[in-house]
>>> print(open('final_5.txt').read())   # compact mmCIF, C-alpha atoms
# COMPACT_ATOMS: atom_id res chain seq x y z
CA MET A 7 -55.80 20.49 -7.47
CA ARG A 8 -55.87 23.06 -4.69
CA GLY A 9 -58.57 21.07 -2.90
CA ALA A 10 -56.49 17.91 -3.12
CA ALA A 11 -53.47 19.72 -1.67
CA ILE A 12 -55.55 21.04 1.23
CA ALA A 13 -56.98 17.57 1.87
CA LEU A 14 -53.45 16.12 1.89
CA VAL A 15 -52.24 18.72 4.38
CA LEU A 16 -55.25 18.12 6.63
CA ALA A 17 -54.75 14.36 6.44
CA LEU A 18 -51.09 14.65 7.36
CA ALA A 19 -51.78 17.16 10.10
CA ALA A 20 -54.61 15.28 11.77
CA PRO A 21 -53.27 14.36 15.20
CA ALA A 22 -52.98 10.69 16.02
CA ARG A 23 -55.15 9.52 18.86
CA ALA A 24 -53.28 8.10 21.78
CA ASP A 25 -54.44 4.59 20.89
CA GLU A 26 -53.28 5.14 17.29
CA VAL A 27 -49.70 6.11 18.07
CA ARG A 28 -47.59 3.38 16.60
CA HIS A 29 -43.97 2.55 17.15
CA VAL A 30 -42.16 0.57 14.49
CA VAL A 31 -38.81 -1.15 14.50
CA TYR A 32 -37.43 -2.58 11.30
CA ALA A 33 -34.44 -3.90 9.44
CA GLU A 34 -33.78 -2.70 5.93
CA ALA A 35 -31.61 -3.77 3.04
CA PHE A 36 -30.32 -1.10 0.68
CA GLY A 37 -32.36 1.56 2.38
CA LYS A 38 -31.69 4.88 4.04
CA ALA A 39 -28.65 3.68 6.01
CA GLY A 40 -26.80 2.05 3.13
CA ALA A 41 -26.36 -1.65 2.48
CA TYR A 42 -28.38 -2.49 5.56
CA GLY A 43 -29.91 -0.57 8.42
CA LEU A 44 -31.79 -0.88 11.65
CA GLY A 45 -34.52 1.65 12.19
CA TYR A 46 -37.09 3.00 14.61
CA GLU A 47 -40.12 5.14 13.75
CA VAL A 48 -42.98 6.75 15.64
CA ASP A 49 -46.24 8.29 14.36
CA LEU A 50 -46.61 12.01 15.10
CA THR A 51 -49.94 12.51 13.34
CA ARG A 52 -52.08 10.18 11.25
CA GLY A 53 -49.95 10.69 8.15
CA LEU A 54 -46.73 11.94 9.60
CA GLY A 55 -44.01 10.18 11.53
CA ALA A 56 -40.38 10.55 12.51
CA GLY A 57 -37.66 7.98 12.65
CA ALA A 58 -34.04 7.13 12.20
CA ALA A 59 -32.07 4.32 10.59
CA ALA A 60 -28.45 3.51 11.24
CA SER A 61 -25.81 1.04 10.19
CA PHE A 62 -22.21 0.09 10.87
CA VAL A 63 -20.44 -1.84 8.13
CA PRO A 64 -16.93 -3.16 8.77
CA VAL A 65 -15.47 -4.36 5.48
CA ASP A 66 -11.86 -5.32 4.71
CA GLY A 67 -10.71 -3.19 7.62
CA GLU A 68 -12.73 -0.14 6.61
CA ARG A 69 -15.61 1.01 8.80
CA VAL A 70 -18.64 2.75 7.32
CA THR A 71 -21.02 4.34 9.82
CA THR A 72 -24.31 5.85 8.67
CA ILE A 73 -27.05 7.62 10.63
CA ALA A 74 -30.18 8.79 8.83
CA PRO A 75 -32.93 10.61 10.75
CA TYR A 76 -36.01 11.31 8.67
CA LEU A 77 -39.60 12.46 8.46
CA HIS A 78 -42.07 9.81 7.33
CA LEU A 79 -45.12 10.81 5.26
CA ALA A 80 -47.96 8.58 4.16
CA PRO A 81 -49.92 10.77 1.76
CA LEU A 82 -52.01 7.91 0.38
CA ARG A 83 -53.32 5.11 2.55
CA ALA A 84 -55.86 2.40 1.78
CA GLY A 85 -56.41 -0.01 4.61
CA ARG A 86 -53.08 -1.54 5.49
CA HIS A 87 -51.40 -0.33 2.32
CA ALA A 88 -49.83 3.08 1.88
CA LEU A 89 -47.69 5.10 -0.42
CA ILE A 90 -44.88 6.51 1.70
CA VAL A 91 -42.31 9.26 1.35
CA GLN A 92 -39.36 9.71 3.71
CA LEU A 93 -36.83 12.50 3.64
CA GLY A 94 -34.02 13.71 5.81
CA PRO A 95 -30.29 14.23 6.26
CA VAL A 96 -27.75 11.41 6.23
CA TRP A 97 -24.43 11.44 8.07
CA THR A 98 -21.81 9.00 6.87
CA ARG A 99 -18.30 8.40 8.15
CA ILE A 100 -15.77 6.19 6.36
CA ALA A 101 -12.71 5.28 8.42
CA VAL A 102 -9.74 3.65 6.70
CA PRO A 103 -7.27 2.29 9.26
CA SER A 104 -3.81 1.70 7.87
CA PRO A 105 -2.94 -1.88 6.96
CA VAL A 106 0.79 -1.02 6.87
CA PRO A 107 3.12 0.68 9.37
CA GLU A 108 4.33 3.32 6.88
CA TRP A 109 0.97 5.10 6.62
CA ASP A 110 -1.40 6.55 9.20
CA GLY A 111 -4.75 5.81 7.57
CA LEU A 112 -7.47 8.42 7.36
CA ALA A 113 -11.17 9.04 7.73
CA THR A 114 -13.76 11.18 6.02
CA GLN A 115 -17.24 12.18 7.10
CA ARG A 116 -19.97 14.23 5.45
CA THR A 117 -23.66 14.98 5.71
CA GLY A 118 -25.91 14.66 2.69
CA GLY A 119 -29.57 14.02 2.14
CA GLU A 120 -31.94 11.29 1.07
CA VAL A 121 -35.44 11.05 -0.32
CA THR A 122 -37.18 7.70 -0.23
CA ALA A 123 -40.50 6.76 -1.80
CA GLY A 124 -42.25 3.42 -1.82
CA TRP A 125 -45.04 1.15 -0.72
CA GLU A 126 -45.72 -0.22 2.70
CA ARG A 127 -48.03 -2.83 4.17
CA ARG A 128 -48.53 -2.19 7.82
CA GLY A 129 -50.02 -4.71 10.20
CA ARG A 130 -48.28 -6.32 13.10
CA VAL A 131 -45.62 -7.03 10.51
CA LEU A 132 -44.35 -4.12 8.47
CA VAL A 133 -43.16 -4.61 4.90
CA ARG A 134 -41.76 -1.86 2.70
CA VAL A 135 -40.34 -1.69 -0.79
CA THR A 136 -38.58 1.56 -1.48
CA GLY A 137 -36.59 3.56 -3.95
CA THR A 138 -34.06 5.98 -2.50
CA VAL A 139 -32.14 8.87 -3.95
CA ALA A 140 -29.05 9.83 -1.95
CA PHE A 141 -27.21 13.05 -2.65
CA GLY A 142 -24.15 14.73 -1.24
CA ALA A 143 -20.54 15.64 -1.94
CA GLY A 144 -20.15 12.68 -4.30
CA GLY A 145 -23.20 13.33 -6.43
CA VAL A 146 -26.63 11.75 -6.72
CA VAL A 147 -27.28 8.00 -6.56
CA PRO A 148 -30.58 6.11 -6.84
CA TRP A 149 -31.11 2.62 -5.49
CA LEU A 150 -33.81 0.12 -4.55
CA GLY A 151 -34.33 -1.52 -1.19
CA ALA A 152 -36.73 -3.29 1.14
CA ALA A 153 -37.52 -3.33 4.83
CA ILE A 154 -39.27 -5.68 7.20
CA GLY A 155 -40.23 -4.85 10.74
CA ALA A 156 -42.73 -5.03 13.52
CA GLN A 157 -45.32 -2.58 14.77
CA LEU A 158 -45.10 -2.39 18.55
CA MET B 20 -9.50 -1.12 25.08
CA ARG B 21 -5.96 -2.07 24.09
CA ARG B 22 -6.98 -5.72 24.06
CA ALA B 23 -9.97 -4.93 21.84
CA ALA B 24 -7.70 -3.03 19.47
CA GLY B 25 -5.34 -5.99 19.38
CA ILE B 26 -8.15 -8.38 18.58
CA LEU B 27 -9.37 -6.01 15.86
CA GLY B 28 -5.85 -5.85 14.44
CA LEU B 29 -5.58 -9.64 14.35
CA ALA B 30 -8.98 -9.86 12.67
CA LEU B 31 -7.90 -7.31 10.07
CA ALA B 32 -4.64 -9.13 9.45
CA ALA B 33 -6.55 -12.38 8.90
CA CYS B 34 -8.70 -10.69 6.24
CA MET B 35 -5.82 -9.01 4.41
CA PRO B 36 -4.05 -10.44 1.38
CA ASP B 37 -0.74 -12.04 2.23
CA ALA B 38 2.13 -9.70 1.40
CA GLN B 39 4.86 -11.93 2.82
CA ASP B 40 5.69 -13.72 -0.43
CA ALA B 41 5.87 -10.64 -2.66
CA ALA B 42 9.47 -10.06 -3.79
CA TRP B 43 11.21 -8.69 -6.87
CA GLU B 44 12.42 -11.46 -9.18
CA PRO B 45 14.90 -10.96 -12.02
CA ALA B 46 13.12 -11.36 -15.35
CA ALA B 47 15.54 -14.01 -16.56
CA GLY B 48 14.77 -16.25 -13.61
CA ILE B 49 11.02 -16.52 -14.16
CA PRO B 50 10.03 -19.84 -15.73
CA PRO B 51 7.66 -20.30 -18.71
CA PRO B 52 4.93 -19.58 -19.53
CA LEU B 53 5.34 -16.30 -17.62
CA THR B 54 8.94 -15.60 -18.63
CA PRO B 55 9.27 -11.88 -19.42
CA GLU B 56 10.43 -10.80 -22.87
CA VAL B 57 13.15 -8.14 -22.84
CA PHE B 58 14.58 -6.60 -25.99
CA SER B 59 16.70 -3.50 -25.73
CA PRO B 60 18.63 -3.03 -28.97
CA TYR B 61 18.39 0.73 -29.41
CA PRO B 62 21.29 2.81 -28.04
CA ALA B 63 20.64 5.63 -25.64
CA PRO B 64 19.65 8.92 -27.26
CA PRO B 65 21.58 12.08 -26.33
CA PRO B 66 21.35 12.89 -22.61
CA ALA B 67 18.17 14.70 -21.63
CA ASP B 68 17.34 16.87 -18.66
CA HIS B 69 13.75 15.72 -18.61
CA LEU B 70 11.62 12.76 -19.62
CA ARG B 71 8.04 12.37 -20.69
CA VAL B 72 6.48 9.30 -19.06
CA VAL B 73 3.18 7.86 -20.35
CA SER B 74 0.90 5.41 -18.55
CA PHE B 75 -1.68 3.74 -20.77
CA ASN B 76 -4.00 0.78 -20.22
CA VAL B 77 -4.33 -0.43 -23.82
CA GLU B 78 -7.21 -2.90 -23.15
CA LEU B 79 -5.49 -5.95 -24.67
CA GLY B 80 -3.82 -4.03 -27.53
CA ALA B 81 -5.36 -6.42 -30.04
CA ASP B 82 -5.10 -4.03 -33.00
CA VAL B 83 -1.42 -3.17 -32.70
CA GLU B 84 -1.31 -1.25 -35.96
CA ARG B 85 -4.18 1.01 -34.87
CA LEU B 86 -2.67 1.43 -31.40
CA ALA B 87 0.71 2.40 -32.86
CA ALA B 88 -0.91 4.83 -35.28
CA ALA B 89 -2.96 6.41 -32.48
CA ILE B 90 0.18 6.98 -30.42
CA ALA B 91 2.19 8.25 -33.40
CA ASP B 92 -0.60 10.66 -34.36
CA ALA B 93 -0.90 12.18 -30.88
CA PRO B 94 1.73 14.94 -30.59
CA ALA B 95 1.69 14.88 -26.78
CA ILE B 96 2.88 11.28 -26.59
CA ALA B 97 4.33 10.48 -30.03
CA GLY B 98 7.79 11.43 -28.82
CA ALA B 99 7.44 10.26 -25.23
CA ASP B 100 10.48 8.66 -23.63
CA VAL B 101 8.80 5.93 -21.61
CA PHE B 102 5.51 4.08 -21.95
CA LEU B 103 4.11 2.08 -19.03
CA LEU B 104 1.47 -0.15 -20.62
CA GLN B 105 -1.13 -2.28 -18.88
CA GLU B 106 -3.44 -5.01 -20.21
CA ILE B 107 -1.33 -5.95 -23.20
CA GLU B 108 -1.37 -9.54 -24.41
CA ASP B 109 0.73 -12.04 -26.32
CA HIS B 110 -0.86 -14.79 -28.41
CA PRO B 111 0.76 -17.26 -30.78
CA GLY B 112 0.36 -16.73 -34.51
CA GLU B 113 0.36 -12.94 -34.31
CA GLY B 114 3.92 -12.47 -35.53
CA GLY B 115 5.43 -11.80 -32.11
CA SER B 116 4.06 -10.43 -28.89
CA ARG B 117 1.89 -7.34 -29.19
CA THR B 118 4.47 -5.47 -27.13
CA ALA B 119 7.22 -6.47 -29.59
CA GLN B 120 5.09 -5.42 -32.55
CA LEU B 121 4.25 -2.08 -30.96
CA ALA B 122 7.83 -1.41 -29.90
CA THR B 123 9.09 -2.21 -33.39
CA ARG B 124 6.61 0.23 -34.92
CA LEU B 125 7.61 2.95 -32.43
CA ALA B 126 11.33 2.07 -32.50
CA LEU B 127 11.54 1.57 -28.73
CA ASN B 128 13.27 -0.83 -26.37
CA TYR B 129 10.84 -2.94 -24.40
CA ALA B 130 10.15 -5.40 -21.63
CA TYR B 131 6.95 -7.44 -21.51
CA ALA B 132 6.01 -9.37 -18.37
CA PRO B 133 3.01 -11.73 -18.36
CA ALA B 134 0.90 -11.56 -15.23
CA ARG B 135 -1.12 -14.64 -16.11
CA VAL B 136 -1.99 -17.13 -18.82
CA GLU B 137 -4.93 -15.91 -20.88
CA GLY B 138 -6.43 -18.35 -23.39
CA ASP B 139 -3.64 -19.58 -25.63
CA GLY B 140 -1.35 -16.73 -24.63
CA THR B 141 -0.55 -14.36 -21.80
CA HIS B 142 -1.73 -11.04 -20.38
CA GLY B 143 0.51 -8.55 -18.65
CA LEU B 144 2.45 -5.33 -18.43
CA ALA B 145 5.02 -3.69 -20.68
CA ILE B 146 7.60 -0.93 -20.46
CA LEU B 147 8.66 0.70 -23.72
CA SER B 148 11.57 3.15 -23.66
CA ARG B 149 13.81 5.26 -25.87
CA PHE B 150 16.54 4.51 -23.34
CA PRO B 151 18.07 1.08 -22.88
CA LEU B 152 16.46 -1.05 -20.18
CA ALA B 153 18.42 -2.87 -17.49
CA ASP B 154 17.71 -4.87 -14.35
CA VAL B 155 14.21 -5.84 -15.39
CA GLU B 156 12.35 -7.38 -12.46
CA VAL B 157 8.85 -8.63 -11.76
CA MET B 158 6.93 -8.83 -8.50
CA ARG B 159 3.88 -11.01 -8.04
CA LEU B 160 1.63 -8.81 -5.96
CA PRO B 161 -0.43 -10.04 -2.98
CA HIS B 162 -3.43 -11.96 -4.23
CA VAL B 163 -6.92 -10.75 -3.38
CA ASP B 164 -9.86 -13.13 -3.81
CA GLN B 165 -12.56 -11.04 -5.48
CA THR B 166 -15.25 -13.77 -5.47
CA PHE B 167 -15.36 -13.77 -9.28
CA HIS B 168 -12.99 -12.60 -12.00
CA THR B 169 -10.11 -12.83 -9.55
CA ARG B 170 -6.81 -12.03 -11.24
CA ASP B 171 -3.12 -12.47 -10.57
CA ARG B 172 -1.45 -9.07 -10.48
CA ILE B 173 2.17 -8.07 -10.96
CA ALA B 174 4.46 -5.06 -10.96
CA LEU B 175 7.15 -4.69 -13.63
CA ALA B 176 10.29 -2.64 -12.91
CA ALA B 177 13.28 -1.65 -14.99
CA ASP B 178 16.18 0.79 -14.92
CA LEU B 179 16.31 3.36 -17.70
CA VAL B 180 19.99 3.72 -18.60
CA LEU B 181 20.54 7.47 -18.90
CA GLY B 182 24.24 7.62 -19.70
CA ASP B 183 26.02 7.16 -16.42
CA ALA B 184 22.85 7.51 -14.40
CA ARG B 185 19.82 5.30 -14.02
CA LEU B 186 16.19 5.93 -13.26
CA ARG B 187 14.00 3.12 -11.93
CA VAL B 188 10.51 2.94 -13.43
CA VAL B 189 7.74 0.69 -12.13
CA ASP B 190 4.58 -0.31 -14.02
CA VAL B 191 1.62 -1.53 -11.95
CA HIS B 192 -1.91 -2.79 -12.54
CA LEU B 193 -3.97 -3.39 -9.39
CA ASP B 194 -7.24 -5.24 -8.83
CA THR B 195 -10.62 -3.74 -9.63
CA ARG B 196 -13.28 -4.59 -7.01
CA ILE B 197 -11.17 -4.28 -3.89
CA ASN B 198 -11.25 -1.85 -1.01
CA ILE B 199 -8.58 0.70 -0.37
CA THR B 200 -7.02 -1.24 2.51
CA ASP B 201 -6.52 -4.30 0.27
CA ARG B 202 -5.29 -2.01 -2.51
CA ILE B 203 -2.61 -0.56 -0.26
CA VAL B 204 -1.59 -4.05 0.93
CA GLN B 205 -1.36 -5.13 -2.73
CA MET B 206 0.71 -2.08 -3.68
CA HIS B 207 2.91 -1.82 -0.61
CA PRO B 208 5.60 -4.44 -1.38
CA ALA B 209 6.11 -2.91 -4.83
CA VAL B 210 7.00 0.54 -3.48
CA ILE B 211 8.44 0.02 -0.04
CA ASP B 212 12.02 -0.86 -1.08
CA LEU B 213 12.42 1.19 -4.25
CA PRO B 214 15.43 3.48 -4.75
CA ALA B 215 15.13 7.17 -3.92
CA ARG B 216 14.83 8.15 -7.61
CA VAL B 217 11.92 6.34 -9.16
CA VAL B 218 8.75 6.81 -11.20
CA VAL B 219 5.80 4.54 -10.47
CA GLY B 220 2.86 4.56 -12.86
CA GLY B 221 -0.02 2.47 -13.97
CA ASP B 222 -3.66 1.58 -13.65
CA PHE B 223 -4.28 1.53 -9.91
CA ASN B 224 -8.01 0.97 -10.39
CA VAL B 225 -8.77 3.46 -7.64
CA ASN B 226 -12.54 3.46 -8.15
CA PRO B 227 -14.62 5.62 -5.81
CA TYR B 228 -16.35 2.82 -3.91
CA VAL B 229 -16.36 0.85 -0.72
CA TRP B 230 -17.05 -2.74 -1.83
CA LEU B 231 -19.17 -5.28 0.05
CA GLY B 232 -17.89 -8.76 -0.61
CA HIS B 233 -16.01 -7.49 -3.69
CA VAL B 234 -19.37 -7.45 -5.46
CA VAL B 235 -21.66 -4.68 -4.21
CA PRO B 236 -20.40 -1.08 -4.26
CA LEU B 237 -21.75 1.07 -1.41
CA VAL B 238 -22.75 3.81 -3.80
CA THR B 239 -24.71 5.81 -1.25
CA ALA B 240 -21.68 6.13 1.04
CA ASP B 241 -19.78 7.47 -1.96
CA ALA B 242 -22.62 9.85 -2.85
CA ILE B 243 -22.86 11.24 0.68
CA THR B 244 -19.15 11.60 1.47
CA GLY B 245 -17.54 12.02 -1.95
CA PHE B 246 -15.21 9.21 -0.88
CA GLU B 247 -12.54 8.49 -3.51
CA GLN B 248 -10.10 5.61 -3.27
CA ALA B 249 -7.84 7.75 -5.47
CA VAL B 250 -7.56 10.44 -2.80
CA VAL B 251 -6.76 7.89 -0.07
CA PHE B 252 -4.26 6.13 -2.31
CA GLU B 253 -2.52 9.44 -3.08
CA ASP B 254 -2.28 10.15 0.64
CA TYR B 255 -0.63 6.75 1.09
CA MET B 256 1.80 7.38 -1.80
CA ARG B 257 2.72 10.83 -0.47
CA ASP B 258 3.57 9.20 2.86
CA GLN B 259 6.00 6.97 0.92
CA GLY B 260 7.72 10.13 -0.41
CA PHE B 261 6.05 10.28 -3.81
CA ALA B 262 4.52 13.35 -5.43
CA SER B 263 1.04 13.04 -6.88
CA PRO B 264 1.12 15.47 -9.82
CA THR B 265 -1.49 13.60 -11.88
CA SER B 266 -4.16 14.00 -9.19
CA THR B 267 -5.68 16.80 -11.30
CA SER B 268 -5.82 14.78 -14.50
CA GLY B 269 -9.57 14.22 -14.50
CA PRO B 270 -11.04 10.91 -15.70
CA THR B 271 -8.76 8.44 -17.46
CA GLU B 272 -11.27 5.63 -18.02
CA SER B 273 -14.80 5.47 -19.33
CA ASN B 274 -16.89 2.32 -18.87
CA GLY B 275 -20.10 3.56 -20.43
CA LEU B 276 -21.72 4.32 -17.05
CA THR B 277 -19.19 6.56 -15.37
CA ASP B 278 -15.91 8.30 -16.08
CA LEU B 279 -13.26 7.40 -13.51
CA ARG B 280 -9.74 8.53 -12.61
CA LEU B 281 -8.05 5.15 -12.31
CA ASP B 282 -4.56 5.85 -13.66
CA ALA B 283 -1.72 7.84 -12.12
CA ILE B 284 2.02 8.50 -12.25
CA TYR B 285 3.93 9.04 -9.00
CA PRO B 286 7.52 10.35 -9.17
CA ARG B 287 10.00 10.42 -6.29
CA GLY B 288 13.47 11.99 -6.33
CA VAL B 289 12.81 13.74 -9.64
CA THR B 290 10.92 16.97 -10.23
CA PRO B 291 7.43 16.61 -11.68
CA GLY B 292 6.43 19.01 -14.44
CA ALA B 293 3.49 19.25 -16.79
CA ILE B 294 0.84 16.56 -17.00
CA GLY B 295 -1.80 15.75 -19.58
CA VAL B 296 -4.43 13.28 -20.72
CA VAL B 297 -4.68 12.54 -24.44
CA ARG B 298 -8.43 12.25 -24.84
CA GLU B 299 -8.29 12.07 -28.65
CA VAL B 300 -6.63 8.63 -28.44
CA GLN B 301 -9.69 6.37 -28.53
CA VAL B 302 -8.34 2.85 -28.89
CA SER B 303 -9.05 1.63 -25.34
CA ASP B 304 -11.46 2.17 -22.46
CA HIS B 305 -8.60 4.18 -20.92
CA VAL B 306 -6.82 7.21 -22.35
CA PRO B 307 -3.06 7.83 -22.12
CA LEU B 308 -1.86 9.87 -19.14
CA TRP B 309 1.53 11.61 -19.37
CA LEU B 310 3.88 13.38 -16.99
CA ASP B 311 7.11 15.31 -17.56
CA VAL B 312 9.83 14.78 -14.99
CA ALA B 313 13.04 16.83 -14.70
CA LEU B 314 16.06 14.70 -13.90
>>> encode(input="final_5.txt", output="structure tokens")
Amino acid sequence: MRGAAIALVLALAAPARADEVRHVVYAEAFGKAGAYGLGYEVDLTRGLGAGAAASFVPVDGERVTTIAPYLHLAPLRAGRHALIVQLGPVWTRIAVPSPVPEWDGLATQRTGGEVTAGWERRGRVLVRVTGTVAFGAGGVVPWLGAAIGAQL
Amino acid sequence: MRRAAGILGLALAACMPDAQDAAWEPAAGIPPPLTPEVFSPYPAPPPADHLRVVSFNVELGADVERLAAAIADAPAIAGADVFLLQEIEDHPGEGGSRTAQLATRLALNYAYAPARVEGDGTHGLAILSRFPLADVEVMRLPHVDQTFHTRDRIALAADLVLGDARLRVVDVHLDTRINITDRIVQMHPAVIDLPARVVVGGDFNVNPYVWLGHVVPLVTADAITGFEQAVVFEDYMRDQGFASPTSTSGPTESNGLTDLRLDAIYPRGVTPGAIGVVREVQVSDHVPLWLDVAL
């Protein structure tokens, strides 16, 4: 068990060679940034990356803005397939403009957190299927999503 | 910037339900099959300096005998002065409307207003009162297309005749899967021209979500921010001069997945007192919510 943990740490910490550094852009549905998101990610080491996803959802006059920076881990990789884990904070702002003159409207914003786990297939085209747990002032919510993108 | 804001405003207005046609109509002038039923035979009890108002979504009220027994057996509401009921129905062959049957069992005056035809009968709102009812009116609220299970919604208003004085009460049931902006547009015509002394109660369906297409709740936005339509709605009602004493009631509805605070009572021009939720009354997916108001 201890050996496996050490191997995992070494795998994640192994620096990426310059020709291995990958940049990824993707679109997600029901992912880290809510109903949909646009994201960017860069490899830091062979098993570790950093990225951010964001979305802006205008709906019935309300505006929901979400920004989710995260660390990306790939603790298990076999060829193009990998088990991935992503975790980080999430900032969400909900603005409710008033639809009537007799009220001013209001807005609320908070920062919470998210943990995502899933499978990815990475080639020139990136495909991910993920499960996310979001937590914050309103409690804990799980949901399932998918992403498709391109490796630059 | 100003031009962009104007364009945004026009876009919002185009998406909003139309509130232009919403107006109070006298009950007697509403044609069948949605003609309200008003029966107010009981004389006013001795003058009181306070009233207990109950709001209760009775989830169709199909078993009237059980519903009446549940109310009569709950000390907190058995002697209440006014009941604002939502989701009560009227079907032929049941020996009178369910509102009439319930009011007879509780010895209360009543007004029942159908919001829509449902099967072979109607579905709507009711006000039951120890005090005589006068000036019963109905407002058809702005319609919101919810993609599926879209409903027609109404507000029902009546004056409680308290000796020489009157107190307007308004019973409301709003849509389910709508966002708070649509909810306020739907509610607004029912509260904007009310008299200074009034109690508005009902099932406002203020669920905690932002809805995408009236189908998908953005549950993560709710989880991160703790966003509650109820809190926004209360802010709106306070700006209309209402108090929000039932904001601390806790959940009033249980759907098997979550417990939600959907119901509320908002007084204006009278002094709110104690509140309570009668959790032992288990005849509906909602529980009765009550509020004392000093006149």
>>> closest_residue(input="final_5.txt", among="A:Gly129, A:Gly57, A:Gly111, A:Gly124", to="Gly94 (chain A)", atoms="all atoms listed in the file")
A:Gly57
>>> interface_residues(input="final_5.txt", of="chain A", to="chain B", cutoff="10 Å", atoms="only C-alpha atoms", output="PDB file with C-alpha atoms, keeping the file's coordinate frame")
ATOM      1  CA  PHE A  36     -30.320  -1.100   0.680  1.00  0.00           C
ATOM      2  CA  GLY A  37     -32.360   1.560   2.380  1.00  0.00           C
ATOM      3  CA  LYS A  38     -31.690   4.880   4.040  1.00  0.00           C
ATOM      4  CA  ALA A  39     -28.650   3.680   6.010  1.00  0.00           C
ATOM      5  CA  GLY A  40     -26.800   2.050   3.130  1.00  0.00           C
ATOM      6  CA  ALA A  41     -26.360  -1.650   2.480  1.00  0.00           C
ATOM      7  CA  VAL A  63     -20.440  -1.840   8.130  1.00  0.00           C
ATOM      8  CA  PRO A  64     -16.930  -3.160   8.770  1.00  0.00           C
ATOM      9  CA  VAL A  65     -15.470  -4.360   5.480  1.00  0.00           C
ATOM     10  CA  ASP A  66     -11.860  -5.320   4.710  1.00  0.00           C
ATOM     11  CA  GLY A  67     -10.710  -3.190   7.620  1.00  0.00           C
ATOM     12  CA  GLU A  68     -12.730  -0.140   6.610  1.00  0.00           C
ATOM     13  CA  ARG A  69     -15.610   1.010   8.800  1.00  0.00           C
ATOM     14  CA  VAL A  70     -18.640   2.750   7.320  1.00  0.00           C
ATOM     15  CA  THR A  71     -21.020   4.340   9.820  1.00  0.00           C
ATOM     16  CA  THR A  72     -24.310   5.850   8.670  1.00  0.00           C
ATOM     17  CA  PRO A  95     -30.290  14.230   6.260  1.00  0.00           C
ATOM     18  CA  VAL A  96     -27.750  11.410   6.230  1.00  0.00           C
ATOM     19  CA  TRP A  97     -24.430  11.440   8.070  1.00  0.00           C
ATOM     20  CA  THR A  98     -21.810   9.000   6.870  1.00  0.00           C
ATOM     21  CA  ARG A  99     -18.300   8.400   8.150  1.00  0.00           C
ATOM     22  CA  ILE A 100     -15.770   6.190   6.360  1.00  0.00           C
ATOM     23  CA  VAL A 102      -9.740   3.650   6.700  1.00  0.00           C
ATOM     24  CA  PRO A 103      -7.270   2.290   9.260  1.00  0.00           C
ATOM     25  CA  SER A 104      -3.810   1.700   7.870  1.00  0.00           C
ATOM     26  CA  PRO A 105      -2.940  -1.880   6.960  1.00  0.00           C
ATOM     27  CA  VAL A 106       0.790  -1.020   6.870  1.00  0.00           C
ATOM     28  CA  GLU A 108       4.330   3.320   6.880  1.00  0.00           C
ATOM     29  CA  TRP A 109       0.970   5.100   6.620  1.00  0.00           C
ATOM     30  CA  ASP A 110      -1.400   6.550   9.200  1.00  0.00           C
ATOM     31  CA  GLY A 111      -4.750   5.810   7.570  1.00  0.00           C
ATOM     32  CA  LEU A 112      -7.470   8.420   7.360  1.00  0.00           C
ATOM     33  CA  ALA A 113     -11.170   9.040   7.730  1.00  0.00           C
ATOM     34  CA  THR A 114     -13.760  11.180   6.020  1.00  0.00           C
ATOM     35  CA  GLN A 115     -17.240  12.180   7.100  1.00  0.00           C
ATOM     36  CA  ARG A 116     -19.970  14.230   5.450  1.00  0.00           C
ATOM     37  CA  THR A 117     -23.660  14.980   5.710  1.00  0.00           C
ATOM     38  CA  GLY A 118     -25.910  14.660   2.690  1.00  0.00           C
ATOM     39  CA  GLY A 119     -29.570  14.020   2.140  1.00  0.00           C
ATOM     40  CA  GLU A 120     -31.940  11.290   1.070  1.00  0.00           C
ATOM     41  CA  THR A 138     -34.060   5.980  -2.500  1.00  0.00           C
ATOM     42  CA  VAL A 139     -32.140   8.870  -3.950  1.00  0.00           C
ATOM     43  CA  ALA A 140     -29.050   9.830  -1.950  1.00  0.00           C
ATOM     44  CA  PHE A 141     -27.210  13.050  -2.650  1.00  0.00           C
ATOM     45  CA  GLY A 142     -24.150  14.730  -1.240  1.00  0.00           C
ATOM     46  CA  ALA A 143     -20.540  15.640  -1.940  1.00  0.00           C
ATOM     47  CA  GLY A 144     -20.150  12.680  -4.300  1.00  0.00           C
ATOM     48  CA  GLY A 145     -23.200  13.330  -6.430  1.00  0.00           C
ATOM     49  CA  VAL A 146     -26.630  11.750  -6.720  1.00  0.00           C
ATOM     50  CA  VAL A 147     -27.280   8.000  -6.560  1.00  0.00           C
ATOM     51  CA  PRO A 148     -30.580   6.110  -6.840  1.00  0.00           C
ATOM     52  CA  TRP A 149     -31.110   2.620  -5.490  1.00  0.00           C
TER      53      TRP A 149
END
>>> residues_around(input="final_5.txt", residues="Gly292 (chain B)", least_positions_apart="4", cutoff="10 Å", atoms="all atoms listed in the file", output="PyMOL selection string")
chain B and resi 69-71+264-265+310-313
>>> write_last_selection(input="final_5.txt", atoms="C-alpha atoms", output="short mmCIF file (atom, residue, chain, number, x, y, z; two decimals), in the frame of the given file")
data_model
loop_
_atom_site.label_atom_id
_atom_site.label_comp_id
_atom_site.auth_asym_id
_atom_site.auth_seq_id
_atom_site.Cartn_x
_atom_site.Cartn_y
_atom_site.Cartn_z
CA HIS B 69 13.75 15.72 -18.61
CA LEU B 70 11.62 12.76 -19.62
CA ARG B 71 8.04 12.37 -20.69
CA PRO B 264 1.12 15.47 -9.82
CA THR B 265 -1.49 13.60 -11.88
CA LEU B 310 3.88 13.38 -16.99
CA ASP B 311 7.11 15.31 -17.56
CA VAL B 312 9.83 14.78 -14.99
CA ALA B 313 13.04 16.83 -14.70
#
